[in-house]
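Here is the structure we will look at.
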Amino acid sequence: MSLLQRDREIILSNEYVDNFDFAEAEEFVKNASKNLFISHAFKNNKGKTLVQPRGGFPTYDKMHALYEQFSPVVDVLPMTIDSHTRLNDYGSAAKMLRLSEETETDLLNGYPLVNHGYRTTRKMVTHFDTPVSLRHGTPDARLLIELAIASGVFEIEGGPITYILPYSKNFPQDKAFLYWKHVERVCAKYSTINEPINRESFGPLTATLVPPCITIVIQIAEMMLSLEEGVKSFSVSFAQTGSLNQDLVTSKVLRKLATKYAHKIGVTDATINLVYHQWMGAFPRDKFKSDSLIDAGAMIAKMVGADKIITKTRAEAFGIPTKEDNAQAVANVQYTLNMLQGIPSFVDEEEEENLTNQVDEIFEAIFNDKADTLWRKVFNSIKNGIIDVPFSPHIINNNELITVRDKQSNIRIYKKGKLPISDKSFKYEQSKLNLGANTDSVVNQIIKDIGVML
Amino acid sequence: MKVVIGVVGNDIHVVANRLIDISLQSRGYEVFNLGVNTYLEEFIDAVIETDSKVLLISSLNGEAEGWCRDLLVLKDKYKLDDVVFVIGGNLSVGEGTESQIVPQFEGYGFDLVFHQKDLMEGLDTLHDFVQNKFGGSK
């Protein structure tokens, strides 16, 4: 028995898992409908932007009703997992699920997949015969993804950096790399028997003034760590920055450099997709303004040629949307996307060159780290502040990088901390800013910039 | 002057915490930032360990009331009379008014209480308070 298989058996001998049957799960994936694979849709839908909302409810019945509501309008169904399951606390999830069923109120903020089990969940997934995407935020997802894949959920979001730095204060970052390495291997293993399992990185990070160079470096780092283990279909992603131009520039550089760095590690046969998140920052409390913001996001997704868009709703400022609000938002986004045919192309050579240089400069420093493996190089780079995510709550994050918006609303680097960008790159950023030396005014500017859509 | 800061309880509001950090540093303080999700005992440990003169606790989700009731006991136990205790943010879960909340938290042992106050205004007040208490040197 391989080491991987031994680990999988240990992980799945969990009191909350009811007799996981490896052979049966493999047989199911092997014969599964092509319609369940988003990797298949990406290959055959060239030019179409797939639309995926967010959503997850505790009980099977409410989840089924949500999918029923979504089914006519969405291209990809979401399966958002509750926060107890994300922390591997299946006991609390079980208790809250039971209470939710008894009281008919939602006491979990997502679907507790482990407690429902894969036999039950598979019935729902195969019934709708539409790709399902696993949305979670789990540092140690080794158990969760087994149950997801055995249920017919063939897209797994997350990664060792993007599910740690924005979400956790002290989950050990090195452990996260190793746990996700296991996840990649399981995904890779299943990818050889039918269409590939798609892995997707979570580009929005903290969704708070993250400069595009950091987003791109982290997207590509997670992509390389995944491809290294044999994953064949990977989505890099980013969220609406708040600047139309910066979105266009980011998408071009991200696509171009993702391919370049995949080749750099010797991978030429993987499909790399681009996913665009509608605005992830604070939403206006005015629902009509929210509608405009969502429309703008849909238009930009089309302009950047996104393979998939992940939508928001007009209820964003008020909590979890109803299934009706959510489905309506999707229908509107589909309408906007269909309206926009034949988008002219935009080029901003100066900005593209600057961003490309910054990413290459950061990767040069990462590759120059003395560690023997890529994950250790990336880990050390996070520790050293070579990778620094603004407003991460994690104790490992360096917190010296400070960003603000320029007059065109582009996110610019005000203080670079230990970011290894060249003087030329840094000067370019500075040349776009017009701030005094007074830090109070910079802090006030940051507060304004975070709330730019309010 | 050394100052310990952080967000108390199961509160993950990192943005305000980081902005307080930046602002204090620019005003010449040496900042020890414990970040989000910090318990009262951890704050006290950090004050003793770093020999800080100011402890600035923030809270945005209204949990502060529950977490800060033991402050007087800890102040007495570790003889922290020389330390300035500050709390700010959104200090009540409900619709509490400033005139109720300020005396309540002063009663818990805080020297300065800022409920829904502007950040810069609060830091100016802290500056004046520290000047009065410790004299001119920072």
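By convention here, the chains of the structure tokens are called A, B, ... in the order presented, each chain's residues are numbered starting at 1, and ligands are numbered starting at 1 in the order presented.
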Taking only C-alpha atoms into account, produce a table as a Markdown table in which each residue of chain A with an atom at most 7 Å from an atom of chain B appears once, together with its shortest atom pair and the distance in Å to one decimal, ordered by chain and rising number.
```
| residue | atom | partner | partner_atom | distance |
| --- | --- | --- | --- | --- |
| A:Phe391 | CA | B:Val15 | CA | 5.9 |
| A:Pro393 | CA | B:Val14 | CA | 5.9 |
| A:Thr439 | CA | B:Ser26 | CA | 6.2 |
| A:Asp440 | CA | B:Ser23 | CA | 6.5 |
| A:Val443 | CA | B:Leu19 | CA | 6.5 |
```
Long-range neighbours of Gln334 (chain A) as a list of chain:residue names, 10 Å cut-off, only C-alpha atoms, 3 positions minimum in chain
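After dropping sequence-adjacent residues, the list is A:Thr49, A:Leu50, A:Val51, A:Val73, A:Val74, A:Asp75, A:Ala298, A:Gln328, A:Ala329, A:Val330, A:Ala331, A:Leu337, A:Asn338, A:Met339.
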List the neighbours of Ser243 (chain A) out to 12 Å using only C-alpha atoms; skip same-chain residues closer than 4 positions along the sequence, and give me the result as a PyMOL selection string. chain A and resi 209+211-212+239+247-250+279+296-297+300+405-412+449+452-453
Expected file contents, prior selection, C-alpha atoms, as a short mmCIF file (atom, residue, chain, number, x, y, z; two decimals), in the first residue's frame:
```
data_model
loop_
_atom_site.label_atom_id
_atom_site.label_comp_id
_atom_site.auth_asym_id
_atom_site.auth_seq_id
_atom_site.Cartn_x
_atom_site.Cartn_y
_atom_site.Cartn_z
CA LEU A 209 -6.40 46.90 -0.47
CA PRO A 211 -2.03 45.05 -4.34
CA PRO A 212 -2.21 42.99 -7.57
CA ALA A 239 -11.45 39.94 -6.94
CA ASP A 247 -8.69 44.71 -13.14
CA LEU A 248 -7.82 44.62 -16.85
CA VAL A 249 -4.08 44.82 -16.19
CA THR A 250 -4.24 42.22 -13.41
CA TRP A 279 -16.53 43.09 -5.31
CA ALA A 296 -20.22 46.67 -13.14
CA GLY A 297 -18.61 43.49 -11.85
CA ILE A 300 -15.62 43.67 -16.02
CA ARG A 405 -5.50 54.13 -3.77
CA ASP A 406 -4.31 56.67 -6.33
CA LYS A 407 -6.56 59.23 -8.08
CA GLN A 408 -7.79 56.57 -10.57
CA SER A 409 -8.61 54.25 -7.66
CA ASN A 410 -5.69 51.90 -8.43
CA ILE A 411 -4.22 50.19 -5.37
CA ARG A 412 -0.62 51.41 -4.99
CA ASP A 449 -10.07 53.60 0.33
CA VAL A 452 -14.60 53.02 -1.62
CA MET A 453 -17.90 51.36 -2.68
#
```
When DSSP is applied to the backbone of this structure, which of region 238-314 of chain A are assigned helix (DSSP H, G or I)? Write them out as a count of residues only.
38
- Task: Tell me, as a ChimeraX atom specification, which residues lie within 7 Å of Val275 (chain A), counting only C-alpha atoms; anything in the same chain fewer than 3 positions away does not count.
- Result: /A:235-238,306-309
I'd like to know which residues of region 257-296 of chain A are strand (DSSP E) (by DSSP, run on the backbone); could you write them as an mmCIF file with C-alpha atoms, in the first residue's frame?
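selection.cif, freshly written:
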```cif
data_model
loop_
_atom_site.group_PDB
_atom_site.id
_atom_site.type_symbol
_atom_site.label_atom_id
_atom_site.label_comp_id
_atom_site.auth_asym_id
_atom_site.auth_seq_id
_atom_site.Cartn_x
_atom_site.Cartn_y
_atom_site.Cartn_z
ATOM 1 C CA THR A 271 -5.438 23.747 -18.195
ATOM 2 C CA ILE A 272 -5.273 27.079 -16.374
ATOM 3 C CA ASN A 273 -8.516 29.009 -15.950
ATOM 4 C CA LEU A 274 -9.255 32.536 -14.761
ATOM 5 C CA VAL A 275 -11.944 33.243 -12.174
ATOM 6 C CA TYR A 276 -13.242 36.703 -11.295
ATOM 7 C CA HIS A 277 -14.927 37.548 -7.978
#
```
Atom pair CA of Leu36 (chain A) / CA of Glu101 (chain A): separation (Å)
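These atoms are spaced 28.2 Å apart.
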Which of these residues is nearest to Lys2 (chain B), using only C-alpha atoms: B:Gly88, B:Asp45, B:Ser52, B:Asn61?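 Nearest candidate to Lys2 (chain B) out of B:Gly88, B:Asp45, B:Ser52, B:Asn61: B:Ser52.
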- Query: Which polymer residues have any atom within 12 Å of an atom of Gly66 (chain B), counting only C-alpha atoms, with same-chain residues fewer than 6 positions away left out, as a list in words?
  - Reply: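 Skipping anything fewer than 6 positions along the chain leaves Val8, Gly9, Asn10, Tyr39, Leu40, Ser59, Leu91, Ser92, Val93, Phe105 and Tyr108 of chain B.
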Leaving out region 348-359 of chain A and any residue of its chain fewer than 6 positions from it, which residues lie within 12 Å of it when counting only C-alpha atoms, given as a PyMOL selection string?
chain A and resi 211-221+244-258+260-261+365-366+386-387+410-413+416+419-429+432
